[in-house]
Structures are given as structure tokens and as C-alpha cells.
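Source file: entry-v2.txt (compact mmCIF, C-alpha atoms and all ligand atoms)
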```txt
# COMPACT_ATOMS: atom_id res chain seq x y z
CA MET A 1 144.28 79.09 -191.92
CA SER A 2 142.29 75.92 -192.68
CA SER A 3 140.23 74.29 -189.96
CA ILE A 4 137.76 71.43 -189.69
CA GLU A 5 134.92 70.97 -187.21
CA LEU A 6 134.28 67.33 -186.39
CA THR A 7 130.96 66.37 -184.79
CA PRO A 8 130.62 63.22 -182.66
CA THR A 9 129.42 60.50 -185.07
CA ARG A 10 128.88 57.64 -182.60
CA LYS A 11 129.83 55.41 -185.52
CA ARG A 12 132.14 52.43 -185.29
CA LEU A 13 135.14 51.69 -187.50
CA SER A 14 134.77 48.73 -189.81
CA GLY A 15 135.81 47.46 -193.22
CA GLU A 16 139.17 47.54 -194.94
CA LEU A 17 141.81 50.13 -195.55
CA PHE A 18 145.05 50.48 -197.50
CA VAL A 19 147.19 53.22 -195.98
CA PRO A 20 149.54 55.19 -198.30
CA GLY A 21 153.17 54.23 -198.88
CA ASP A 22 155.76 54.48 -196.14
CA LYS A 23 157.27 57.96 -195.82
CA SER A 24 160.79 56.83 -194.84
CA ILE A 25 161.02 54.25 -197.64
CA SER A 26 159.56 56.70 -200.18
CA HIS A 27 162.25 59.29 -199.39
CA ARG A 28 165.00 56.69 -199.61
CA SER A 29 163.77 55.11 -202.81
CA VAL A 30 163.75 58.44 -204.64
CA ILE A 31 167.20 59.38 -203.29
CA PHE A 32 168.81 56.06 -204.22
CA SER A 33 167.19 55.89 -207.66
CA SER A 34 168.19 59.50 -208.42
CA LEU A 35 171.82 58.63 -207.63
CA ALA A 36 171.66 55.55 -209.90
CA GLU A 37 172.39 55.72 -213.62
CA GLY A 38 169.33 54.48 -215.50
CA THR A 39 165.60 54.13 -214.90
CA SER A 40 163.90 53.02 -211.68
CA VAL A 41 160.16 52.69 -211.10
CA ILE A 42 158.73 53.30 -207.63
CA THR A 43 155.14 52.25 -206.96
CA ASN A 44 152.91 53.06 -204.00
CA PHE A 45 155.14 56.11 -203.49
CA LEU A 46 153.86 58.48 -200.79
CA THR A 47 152.88 61.66 -202.61
CA GLY A 48 152.61 63.63 -199.36
CA GLU A 49 154.30 67.03 -199.30
CA ASP A 50 157.44 65.81 -197.47
CA CYS A 51 158.39 63.14 -200.00
CA MET A 52 157.61 65.52 -202.86
CA ARG A 53 160.28 67.83 -201.41
CA THR A 54 162.85 65.09 -201.95
CA VAL A 55 161.53 64.59 -205.50
CA GLU A 56 161.80 68.34 -206.18
CA ALA A 57 165.36 68.45 -204.79
CA PHE A 58 166.48 65.93 -207.41
CA ARG A 59 164.41 67.58 -210.15
CA ASP A 60 166.34 70.76 -209.26
CA MET A 61 169.51 68.77 -209.93
CA GLY A 62 168.32 67.69 -213.37
CA VAL A 63 166.87 64.23 -212.63
CA ASN A 64 163.80 63.46 -214.75
CA ILE A 65 161.10 62.21 -212.37
CA ILE A 66 157.73 61.45 -213.92
CA GLN A 67 154.82 61.12 -211.53
CA GLU A 68 151.60 59.29 -212.40
CA ASN A 69 149.50 59.13 -209.21
CA ASP A 70 151.57 57.07 -206.75
CA ARG A 71 153.97 55.75 -209.40
CA LEU A 72 157.28 57.49 -210.04
CA THR A 73 159.57 56.82 -212.96
CA VAL A 74 163.01 58.12 -212.09
CA GLN A 75 165.37 58.61 -215.03
CA SER A 76 168.82 59.66 -213.93
CA ARG A 77 172.23 59.90 -215.57
CA GLY A 78 173.80 59.08 -212.21
CA ILE A 79 175.86 60.79 -209.53
CA HIS A 80 178.41 62.29 -211.94
CA HIS A 81 175.81 64.07 -214.07
CA LEU A 82 173.75 65.77 -211.37
CA LYS A 83 173.65 69.48 -212.12
CA GLU A 84 174.18 72.39 -209.79
CA PRO A 85 170.82 74.06 -209.12
CA ALA A 86 170.81 77.79 -209.89
CA HIS A 87 168.45 78.53 -207.00
CA PRO A 88 168.09 77.34 -203.38
CA ILE A 89 166.48 73.95 -202.77
CA ASN A 90 163.32 74.05 -200.65
CA PHE A 91 163.22 71.28 -198.02
CA GLY A 92 159.77 72.52 -196.88
CA ASN A 93 158.68 70.92 -193.60
CA SER A 94 160.66 67.72 -194.07
CA GLY A 95 163.35 66.82 -191.54
CA THR A 96 164.10 63.60 -193.41
CA THR A 97 164.76 65.50 -196.65
CA ALA A 98 166.94 68.04 -194.84
CA ARG A 99 169.09 65.49 -192.99
CA LEU A 100 169.46 62.85 -195.72
CA MET A 101 170.04 65.41 -198.47
CA SER A 102 172.70 67.09 -196.31
CA GLY A 103 174.69 63.84 -196.50
CA VAL A 104 174.27 63.75 -200.27
CA LEU A 105 174.89 67.45 -201.00
CA ALA A 106 178.00 67.56 -198.81
CA GLY A 107 179.60 64.81 -200.91
CA LEU A 108 178.70 65.92 -204.44
CA PRO A 109 181.02 68.27 -206.38
CA LEU A 110 178.36 71.02 -206.49
CA PHE A 111 177.65 74.25 -204.62
CA THR A 112 174.09 74.16 -203.29
CA THR A 113 171.98 76.11 -200.85
CA ALA A 114 168.81 74.96 -199.11
CA TYR A 115 166.12 76.35 -196.84
CA GLY A 116 163.02 75.13 -195.05
CA ASP A 117 159.71 76.42 -193.72
CA GLU A 118 159.31 78.13 -190.35
CA SER A 119 159.19 74.84 -188.43
CA LEU A 120 162.12 73.17 -190.20
CA SER A 121 164.19 76.35 -189.82
CA LYS A 122 164.05 75.85 -186.04
CA ARG A 123 165.04 72.16 -186.07
CA PRO A 124 168.65 71.18 -185.27
CA MET A 125 170.89 70.51 -188.25
CA ASP A 126 174.15 70.44 -186.23
CA ARG A 127 173.43 66.76 -185.61
CA VAL A 128 174.38 66.17 -189.27
CA VAL A 129 176.60 69.18 -189.95
CA GLU A 130 179.09 68.32 -187.15
CA PRO A 131 179.78 64.67 -188.07
CA LEU A 132 179.80 65.54 -191.79
CA SER A 133 182.44 68.20 -191.05
CA LEU A 134 184.64 65.43 -189.59
CA MET A 135 184.56 63.93 -193.09
CA GLY A 136 185.78 67.24 -194.53
CA ALA A 137 182.35 68.62 -195.46
CA GLU A 138 182.08 72.38 -195.92
CA ILE A 139 178.63 73.42 -194.73
CA LYS A 140 177.74 76.89 -193.49
CA GLY A 141 174.49 78.15 -192.06
CA ARG A 142 172.72 80.21 -189.44
CA ASN A 143 173.51 79.95 -185.75
CA ASN A 144 176.98 78.53 -186.16
CA SER A 145 175.80 76.23 -188.97
CA SER A 146 173.21 74.52 -186.79
CA LEU A 147 170.11 75.87 -188.55
CA LEU A 148 168.77 76.20 -192.09
CA PRO A 149 169.32 77.85 -194.51
CA LEU A 150 172.53 75.96 -195.20
CA ALA A 151 175.10 76.28 -197.99
CA TYR A 152 176.98 73.16 -199.08
CA ASN A 153 180.33 73.54 -200.79
CA GLY A 154 180.19 69.93 -201.88
CA LYS A 155 183.36 67.91 -202.48
CA LYS A 156 184.88 64.46 -202.21
CA LEU A 157 184.73 63.58 -198.51
CA ARG A 158 187.02 61.36 -196.48
CA SER A 159 185.75 58.36 -194.56
CA ALA A 160 185.22 58.45 -190.80
CA LYS A 161 184.13 56.37 -187.85
CA HIS A 162 181.10 57.96 -186.20
CA ASN A 163 179.83 57.13 -182.72
CA LEU A 164 176.37 58.68 -182.84
CA LYS A 165 175.30 60.95 -179.98
CA VAL A 166 171.57 60.80 -180.82
CA LYS A 167 169.27 57.91 -181.61
CA SER A 168 168.34 59.11 -185.08
CA ALA A 169 167.83 57.22 -188.32
CA GLN A 170 168.10 60.51 -190.21
CA VAL A 171 171.60 61.18 -188.85
CA LYS A 172 172.68 57.58 -189.45
CA SER A 173 171.36 57.71 -193.02
CA ALA A 174 172.96 61.08 -193.80
CA LEU A 175 176.35 59.70 -192.74
CA LEU A 176 175.93 56.46 -194.66
CA LEU A 177 175.02 58.39 -197.81
CA ALA A 178 178.01 60.69 -197.33
CA GLY A 179 180.14 57.58 -196.70
CA MET A 180 178.92 56.03 -199.94
CA LEU A 181 180.16 59.11 -201.84
CA ALA A 182 183.44 59.40 -199.86
CA GLU A 183 186.84 57.74 -200.19
CA GLY A 184 187.47 54.69 -197.99
CA GLU A 185 185.22 52.92 -195.51
CA THR A 186 182.84 54.82 -193.24
CA GLU A 187 181.48 53.26 -190.07
CA VAL A 188 178.44 54.46 -188.14
CA ILE A 189 177.91 53.10 -184.64
CA GLU A 190 174.40 53.69 -183.38
CA LEU A 191 173.56 54.74 -179.83
CA GLY A 192 170.47 52.54 -180.06
CA GLN A 193 168.62 50.74 -182.83
CA THR A 194 166.65 53.10 -185.07
CA ARG A 195 164.68 52.36 -188.24
CA ASN A 196 166.98 50.49 -190.60
CA HIS A 197 165.46 51.22 -194.02
CA THR A 198 168.65 52.76 -195.39
CA GLU A 199 170.71 49.65 -194.59
CA MET A 200 167.94 47.38 -195.88
CA LEU A 201 167.22 49.26 -199.11
CA LEU A 202 170.71 50.24 -200.30
CA PRO A 203 171.58 46.59 -201.14
CA GLU A 204 168.41 46.50 -203.32
CA PHE A 205 170.18 49.21 -205.34
CA GLY A 206 173.37 47.17 -205.51
CA VAL A 207 175.21 49.02 -202.73
CA ASP A 208 177.16 46.89 -200.29
CA VAL A 209 176.47 47.67 -196.61
CA LYS A 210 177.77 45.62 -193.67
CA VAL A 211 175.67 45.51 -190.52
CA GLU A 212 177.03 43.94 -187.34
CA GLY A 213 174.96 44.74 -184.28
CA ARG A 214 174.98 48.51 -183.91
CA SER A 215 177.83 49.02 -186.39
CA ILE A 216 177.09 49.78 -190.03
CA LYS A 217 179.95 50.00 -192.54
CA ILE A 218 179.82 51.33 -196.08
CA GLN A 219 182.61 51.45 -198.62
CA GLY A 220 183.02 54.77 -200.45
CA GLY A 221 182.94 55.15 -204.21
CA GLN A 222 179.84 53.01 -204.72
CA GLN A 223 177.13 54.17 -207.12
CA PRO A 224 173.62 52.71 -206.73
CA THR A 225 172.24 50.79 -209.71
CA PRO A 226 168.58 51.26 -210.74
CA SER A 227 165.93 49.15 -209.04
CA ASP A 228 162.15 48.89 -209.10
CA ILE A 229 160.61 49.30 -205.66
CA ARG A 230 157.10 48.81 -204.34
CA VAL A 231 156.72 50.83 -201.14
CA PRO A 232 154.82 49.07 -198.31
CA GLY A 233 151.98 50.88 -196.47
CA ASP A 234 153.16 53.26 -193.76
CA ILE A 235 152.77 51.81 -190.25
CA SER A 236 153.08 55.35 -188.86
CA SER A 237 149.94 56.29 -190.83
CA ALA A 238 148.22 53.01 -189.94
CA ALA A 239 148.90 53.87 -186.27
CA PHE A 240 146.08 56.45 -186.27
CA PHE A 241 143.58 53.81 -187.32
CA ILE A 242 145.08 51.10 -185.07
CA VAL A 243 144.39 53.35 -182.10
CA ALA A 244 141.02 54.58 -183.47
CA ALA A 245 139.71 51.03 -183.92
CA SER A 246 140.99 50.06 -180.45
CA ILE A 247 139.24 52.91 -178.62
CA VAL A 248 136.00 53.33 -180.58
CA PRO A 249 133.55 50.73 -179.21
CA GLN A 250 132.30 47.90 -181.49
CA SER A 251 135.00 48.45 -184.11
CA GLU A 252 136.65 45.82 -186.26
CA LEU A 253 139.01 47.12 -188.91
CA THR A 254 141.39 45.45 -191.37
CA ILE A 255 144.44 47.38 -192.59
CA ARG A 256 146.18 45.70 -195.52
CA ASN A 257 149.77 45.73 -196.82
CA VAL A 258 151.35 47.51 -193.89
CA GLY A 259 155.15 47.58 -193.58
CA LEU A 260 156.05 45.54 -190.49
CA ASN A 261 159.79 46.11 -190.26
CA PRO A 262 160.76 45.15 -186.66
CA THR A 263 162.41 48.57 -186.20
CA ARG A 264 159.02 50.18 -186.87
CA ASP A 265 156.39 47.88 -185.37
CA GLY A 266 156.65 49.15 -181.77
CA ILE A 267 153.16 50.65 -182.06
CA ILE A 268 151.73 47.13 -182.34
CA LYS A 269 153.87 45.86 -179.45
CA ALA A 270 152.90 48.83 -177.27
CA MET A 271 149.19 48.58 -178.07
CA LYS A 272 149.18 44.82 -177.47
CA GLN A 273 150.93 45.37 -174.15
CA MET A 274 148.10 47.79 -173.32
CA GLY A 275 145.64 44.99 -174.06
CA ALA A 276 144.67 45.85 -177.65
CA ASP A 277 143.21 43.06 -179.78
CA ILE A 278 145.37 43.08 -182.94
CA ASP A 279 145.94 40.13 -185.29
CA VAL A 280 149.05 40.41 -187.43
CA GLN A 281 149.57 38.33 -190.56
CA VAL A 282 152.82 38.82 -192.50
CA HIS A 283 152.18 37.70 -196.10
CA THR A 284 154.94 39.16 -198.28
CA TYR A 285 158.44 40.57 -198.22
CA ILE A 286 159.23 43.62 -200.32
CA GLY A 287 163.00 43.34 -200.59
CA SER A 288 163.74 42.38 -197.00
CA GLU A 289 160.87 44.39 -195.52
CA PRO A 290 158.02 42.25 -194.08
CA VAL A 291 154.54 43.35 -195.14
CA GLY A 292 151.24 42.14 -193.74
CA ASP A 293 147.62 42.70 -192.78
CA LEU A 294 146.31 43.83 -189.41
CA VAL A 295 142.90 43.17 -187.90
CA ILE A 296 142.08 45.45 -184.98
CA ARG A 297 139.08 45.02 -182.68
CA SER A 298 138.10 47.49 -179.96
CA SER A 299 139.17 46.53 -176.47
CA GLN A 300 139.64 47.83 -172.94
CA LEU A 301 143.19 49.18 -172.60
CA GLU A 302 145.44 49.30 -169.52
CA GLY A 303 148.15 51.87 -168.75
CA ILE A 304 151.81 50.92 -169.31
CA THR A 305 155.30 52.43 -169.22
CA LEU A 306 156.97 53.13 -172.58
CA GLU A 307 160.72 53.76 -172.29
CA GLY A 308 164.25 52.87 -173.36
CA ASP A 309 164.96 50.98 -176.57
CA LEU A 310 161.30 50.92 -177.62
CA VAL A 311 161.14 54.72 -177.89
CA PRO A 312 163.00 55.22 -181.24
CA ASN A 313 160.76 52.48 -182.66
CA ILE A 314 157.57 54.42 -181.75
CA ILE A 315 158.94 57.94 -182.01
CA ASP A 316 156.37 59.19 -184.57
CA GLU A 317 153.55 57.24 -182.92
CA VAL A 318 153.86 58.77 -179.44
CA PRO A 319 151.15 61.43 -180.01
CA ILE A 320 148.54 58.86 -181.04
CA LEU A 321 149.69 56.45 -178.29
CA ALA A 322 149.10 59.29 -175.84
CA LEU A 323 145.50 59.49 -177.00
CA ALA A 324 145.17 55.71 -176.49
CA ALA A 325 146.55 56.20 -172.96
CA THR A 326 143.69 58.58 -172.10
CA GLN A 327 141.35 55.62 -172.70
CA ALA A 328 143.45 53.11 -170.76
CA LYS A 329 142.73 52.26 -167.14
CA GLY A 330 145.49 53.50 -164.83
CA LYS A 331 148.70 55.35 -165.43
CA THR A 332 150.72 55.47 -168.66
CA VAL A 333 154.24 56.84 -168.46
CA ILE A 334 156.24 57.82 -171.54
CA LYS A 335 159.91 58.55 -170.84
CA ASP A 336 163.27 58.75 -172.65
CA ALA A 337 161.45 60.60 -175.44
CA GLU A 338 163.16 64.03 -175.34
CA GLU A 339 163.67 63.73 -179.14
CA LEU A 340 159.96 64.64 -179.39
CA ARG A 341 160.93 68.21 -178.58
CA TYR A 342 162.82 68.48 -181.91
CA LYS A 343 160.07 67.39 -184.29
CA GLU A 344 157.76 69.57 -186.45
CA THR A 345 156.70 71.14 -183.17
CA ASP A 346 157.63 70.35 -179.56
CA ARG A 347 155.45 67.24 -179.46
CA ILE A 348 155.61 66.90 -175.67
CA ALA A 349 154.14 70.38 -175.22
CA ALA A 350 151.68 69.93 -178.11
CA VAL A 351 150.34 66.57 -176.86
CA VAL A 352 149.91 67.87 -173.32
CA GLU A 353 148.14 71.05 -174.47
CA THR A 354 145.86 69.26 -176.94
CA LEU A 355 144.80 66.44 -174.64
CA SER A 356 144.32 68.84 -171.71
CA ILE A 357 141.96 71.01 -173.78
CA LEU A 358 139.96 67.89 -174.64
CA GLY A 359 139.68 66.98 -170.93
CA ALA A 360 142.45 64.42 -170.36
CA ASP A 361 144.62 64.17 -167.25
CA VAL A 362 148.15 64.61 -168.60
CA GLU A 363 151.33 66.02 -167.12
CA ALA A 364 154.43 67.04 -169.10
CA LYS A 365 157.88 65.80 -168.10
CA GLU A 366 161.21 66.86 -169.59
CA ASP A 367 161.48 63.59 -171.57
CA GLY A 368 157.83 62.60 -172.01
CA PHE A 369 154.60 62.69 -170.03
CA ILE A 370 152.33 60.91 -167.56
CA ILE A 371 148.71 60.24 -168.46
CA ASN A 372 146.10 59.08 -165.97
CA GLY A 373 143.21 57.23 -167.55
CA GLN A 374 140.54 56.45 -168.22
CA THR A 375 138.99 59.86 -168.92
CA SER A 376 135.99 60.71 -171.03
CA LEU A 377 137.01 63.41 -173.45
CA LYS A 378 134.77 66.45 -173.91
CA GLY A 379 135.79 68.30 -177.07
CA GLY A 380 136.95 71.81 -177.89
CA CYS A 381 139.11 73.79 -180.25
CA ILE A 382 142.62 72.50 -180.78
CA ASP A 383 145.54 73.50 -182.98
CA SER A 384 147.68 71.15 -185.04
CA PHE A 385 150.64 73.49 -184.38
CA GLY A 386 151.40 72.88 -188.07
CA ASP A 387 152.28 69.29 -187.15
CA HIS A 388 150.57 66.57 -189.21
CA ARG A 389 150.76 63.97 -186.43
CA ILE A 390 149.15 66.31 -183.87
CA GLY A 391 146.41 67.22 -186.39
CA MET A 392 145.57 63.55 -187.05
CA MET A 393 145.66 62.73 -183.34
CA GLY A 394 143.09 65.51 -182.77
CA ALA A 395 140.87 64.18 -185.55
CA VAL A 396 140.96 60.64 -184.09
CA ALA A 397 140.22 62.06 -180.62
CA SER A 398 137.02 63.60 -182.01
CA LEU A 399 135.66 60.06 -182.53
CA ILE A 400 135.38 59.57 -178.77
CA CYS A 401 134.57 63.12 -177.65
CA ASP A 402 131.17 64.13 -176.24
CA TYR A 403 131.07 67.41 -178.19
CA ASN A 404 132.51 68.91 -181.35
CA VAL A 405 136.25 69.11 -181.94
CA THR A 406 137.65 71.84 -184.17
CA VAL A 407 141.13 71.16 -185.53
CA GLU A 408 142.75 74.43 -186.58
CA ASN A 409 145.43 74.44 -189.25
CA LYS A 410 144.53 70.99 -190.52
CA ASP A 411 146.18 71.25 -193.96
CA CYS A 412 149.53 70.12 -192.56
CA ILE A 413 148.05 66.58 -192.58
CA ASN A 414 148.95 66.57 -196.30
CA ILE A 415 152.58 66.32 -195.26
CA SER A 416 152.32 62.59 -194.62
CA TYR A 417 148.71 61.56 -195.30
CA PRO A 418 146.83 63.57 -197.96
CA SER A 419 143.91 61.07 -198.06
CA PHE A 420 143.51 60.90 -194.27
CA PHE A 421 139.97 62.34 -193.98
CA GLU A 422 138.76 60.41 -197.02
CA HIS A 423 140.05 57.18 -195.46
CA LEU A 424 138.56 58.03 -192.07
CA ASN A 425 135.13 58.74 -193.56
CA GLY A 426 135.30 55.52 -195.59
CA ILE A 427 135.57 53.29 -192.50
CA LEU A 428 133.05 55.05 -190.22
CA ASN A 429 129.89 52.95 -190.40
O1 LIG B 1 164.79 58.39 -191.08
C1 LIG B 1 163.59 58.64 -191.20
O2 LIG B 1 162.94 58.40 -192.25
C2 LIG B 1 162.87 59.19 -190.03
C3 LIG B 1 163.46 59.15 -188.79
C4 LIG B 1 162.83 59.71 -187.58
O3 LIG B 1 163.50 60.91 -187.26
P1 LIG B 1 164.85 60.96 -186.39
O4 LIG B 1 165.94 60.36 -187.14
O5 LIG B 1 165.10 62.44 -186.15
O6 LIG B 1 164.53 60.24 -185.11
C5 LIG B 1 161.36 60.00 -187.76
O7 LIG B 1 160.88 60.81 -186.73
C6 LIG B 1 161.04 60.61 -189.09
O8 LIG B 1 159.64 60.77 -189.25
C7 LIG B 1 161.53 59.76 -190.24
C1 LIG B 2 159.22 63.74 -187.56
C2 LIG B 2 158.64 63.49 -188.73
O1 LIG B 2 159.18 63.77 -189.96
P1 LIG B 2 160.46 64.62 -190.40
O2 LIG B 2 161.49 64.53 -189.31
O3 LIG B 2 160.90 64.00 -191.69
O4 LIG B 2 159.98 66.04 -190.59
C3 LIG B 2 157.32 62.78 -188.78
O5 LIG B 2 156.90 62.45 -189.89
O6 LIG B 2 156.67 62.56 -187.74
```

Take the structure I supplied and represent it as C-alpha cells, if you would.
Amino acid sequence: MSSIELTPTRKRLSGELFVPGDKSISHRSVIFSSLAEGTSVITNFLTGEDCMRTVEAFRDMGVNIIQENDRLTVQSRGIHHLKEPAHPINFGNSGTTARLMSGVLAGLPLFTTAYGDESLSKRPMDRVVEPLSLMGAEIKGRNNSSLLPLAYNGKKLRSAKHNLKVKSAQVKSALLLAGMLAEGETEVIELGQTRNHTEMLLPEFGVDVKVEGRSIKIQGGQQPTPSDIRVPGDISSAAFFIVAASIVPQSELTIRNVGLNPTRDGIIKAMKQMGADIDVQVHTYIGSEPVGDLVIRSSQLEGITLEGDLVPNIIDEVPILALAATQAKGKTVIKDAEELRYKETDRIAAVVETLSILGADVEAKEDGFIINGQTSLKGGCIDSFGDHRIGMMGAVASLICDYNVTVENKDCINISYPSFFEHLNGILN
């Protein structure tokens, strides 16, 4: 198992950084272009392991996807010419691949099977299998079809009206994709606003989607048309450096071309509410997604409460926000975040264990945690638990620890940010 020992550098963060392409938009752009008939070019594609699983799934179905660094050329003959893979599809560690592809595979006239790694095989799939079954989907799997591996006896689905029971963009997107392949109009009513990349990006591929408040409607029988997409930088990756530059004294860091979709920018709102010094300049729109530059200067943070509607917006950023909270004066409370228990690992347990080892004052709750700051962190040996976001949080923590930090099982960072350590070393001055 790979590990890295990080020694206290006492260096500040400065200079400029371009974070890799957004993971959610990368997945969606390869799915939509693979379903389109013709050629699409995707640039600044995230080549992390998760998005490559989505690429491989479509390669397994006969789509020609040529990769040159972070540029993908997707050549597809369209929905009606996808071929049935002769072997199971590997979703790896990627929840987004598993959920979104479930919506696609259920609605294609193919028989497919799919599996995941140890972590993904424990994550709930009933959240997509159940509503897809209401559309006539035939999906079978372990544990009453709630866990991978799954087998999809794909067929033409019927439309449905779904009132979602979880705040999940993956579930919403799976049902919209299934709805696009079904007969009639499918409506998805969200429990709360989640990232809206599917609704924003499908129209770029010529698919009509109607959004009215929390209701999203899609007419069946639509086939995406090819489109060229430039993926904005991933705010969830930028989050590690937003927090790092805020908590490492004397830092001033610029992060360029970050996606600033309002359903994703909660990390900036939360950090600003804690007193972080962050300038935001939106300079372009890619499709309808705002993109801009951030300048972050170190500052004294204060504890806050993070709850309710903000939580889905910061769901992947909670581990790194928890580290920020250890450096904030007073109490930070994170609640309504039980979804964290269903990620690559139980992120409530993993955050509490990791920060406790490093010397923080943190208490687990069923739906989040309470952190009392400000604490000086010591150091120690921590495990990523095979979770990229926990591994990166540990690496950022090492910047403010008194002694060495060893991060065990660090290779999982390649899932969303293969160049993470290179980028970190490039801005430590
Ligand atoms: O739709 C997406 O691209 C994602 C949605 C979120 O998951 P949930 O839908 O399970 O909240 C998030 O945690 C994940 O990293 C990416
Ligand atoms: C939860 C995550 O991803 P996924 O659900 O796609 O595995 C994540 O990237 O933090």
C-alpha cells in the first residue's frame, strides 16, 4: 500500500494554479457525447480514475474515444448503435459512473452487467434501482438489488414522475437520462437543490430540458447531438487549496478558471462566512457555467454552523472544511450531512478519526460533527481509508502540523486529482 511522509515545510502558499477539469462535468460530457451520433471534442477533461471509468464503459460499448492528454475526441454512431459488451463493465470506485450509467443502461436495448471495487460495492444503488424500476427497468443485483454487481436487462422504459427521497444529483441525473431514453415525459422533483450540471449541459447537446424550481422535465425519445465542450476547473479540487491558503500564514494564492456554478460554490460562501479573505472574479461562461479566478489570502477564521440547503452544495468539501474548522476560533457545527456516510468511506467517521489523530477536538454526530477550535495540530500517521478527499485533507493538514504526517494509502488521490502533489509542491514557496 502506498504511503507518503510529509515533513513540516513552514512554507507559505503563493503563485498561481490551474486545477484539473471538473469531475461532474467530465463524466456528463463523455456520457452525452457518447450517446450523440457524430464527433464531439472535450477539452480540459479530468483524466482521474473515476472519469476514465465512464470513458471505459462507453469504449466497452463500441464508442471510439481518443485521448490526448486532457483532450478527448469522442466518435460515436449514436444510441442505436451502441454494442452489448461481452464482459462486465467495471465502475471502479466511481459512484457517479455507477448511478448515471444505471440510468443509461436500464434504458438501452442491451443486456449488461457491471461491478465496482470494494468501496463502491458497499454503496447504496437502491436509490437508483427503485425509481428506475417504476419506469419498467429490469435490474437485478446483490442484497435485493441494492448493491453492485448489477445486471441490466435494458429496454424501452416508460416515463414517470419521481419525487426524490434523497438530495442527490447522481439520482436526479440517472432518472433524467433514463427519461431521455424512455417514452413520454419524465419529471424529477428534487428534495433540495443539488448540482445542476445535467440540466445545464444537456441543452448544449441539443436536448430539451424544462426546469421550474425543483421540478425538472425531460421528454423521452431525444438523442443528444454532438457538441464541443471545455470543462471548467473543479471547485471541489480547488477547495483543498482554498483552505490551505486560508490557514497557512502569509499565503496569497491565485486559482484560475474555476467553475463557479452557484450549486457548487458553497465552499466559497462557507469559507467567507468563516472570515476567509477570498476575491472572486467571474470572467467567462462555458455554456451556462460561470468560470472565474479566485485570490485567497490567509486569515483568522471563526467557527460557524453549516446546515440545511447549503449541505448538498458543499457535500464533497466537508472533509476539507472540517480541517479549516480546526483552525477557526470557537465552535463549528456541521449537521444535516448524513449523506457523508454513503461516500467512498463513511466520511463522518473518517474525518473524526483523522483529525483526532492529528490532535483536533472533534466529536462525531449521526449527521455530521462538532469541532472546537482553534487547535494546533501535532502530526501522526493517518489513513486515507481509500478515499481521495480524506487523503488530500490529510496532506493539507500536514502544512500546519508541528511534526511529520504520514498519509497511508495515498494513491486513491488519483481518483479525482492525479496532479495533486505536483500542484501542492509548485505553490509552496
Ligand atoms: O452528480 C455528481 O456528479 C456528484 C454528486 C454528488 O453525489 P450525490 O449525488 O450522491 O450527492 C457528489 O458527492 C459526487 O462527487 C458527484
Ligand atoms: C463522492 C464522490 O464521488 P463519487 O460519488 O462519484 O464516487 C467524490 O468525488 O467525493

>> As a quick test: using all atoms listed in the file, which residues lie no more than 7 Å away from ligand LIG 1 (chain B)? Give them as JSON, numbers by chain.
In response: {"A": [23, 24, 96, 167, 168, 169, 170, 171, 173, 195, 312, 315, 316, 339]}

>> Neighbouring residues of ligand LIG 2 (chain B) are defined here as those with any atom at most 6 Å from a ligand atom, counting all atoms listed in the file; list them as a VMD selection string.
In response: chain A and resid 93 to 96 316 343 to 344

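From CA of Ala160 (chain A) back to CA of Ser215 (chain A), the distance works out to 12.8 Å.
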
> What separation in Å, quoted to one decimal, exists between CA of Glu68 (chain A) and CA of Ile229 (chain A)?
Replying inline: 15.0 Å

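The closest residue to Asp387 (chain A), picked from A:Met200, A:Leu323, A:Ile357, A:Leu120 and counting only C-alpha atoms, is A:Leu120.
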
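Comparing A:Gly275, A:Gly141, A:Pro232, A:Pro20 by their smallest distance to Val258 (chain A), the closest is A:Pro232 (using only C-alpha atoms).
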
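When CA of Leu110 (chain A) is paired with CA of Asn144 (chain A), their separation reads 21.7 Å.
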
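Shortest separation to Pro319 (chain A) among A:Val243, A:Leu301, A:Ile278, A:Met125 occurs at residue A:Val243, atoms counted being all atoms listed in the file.
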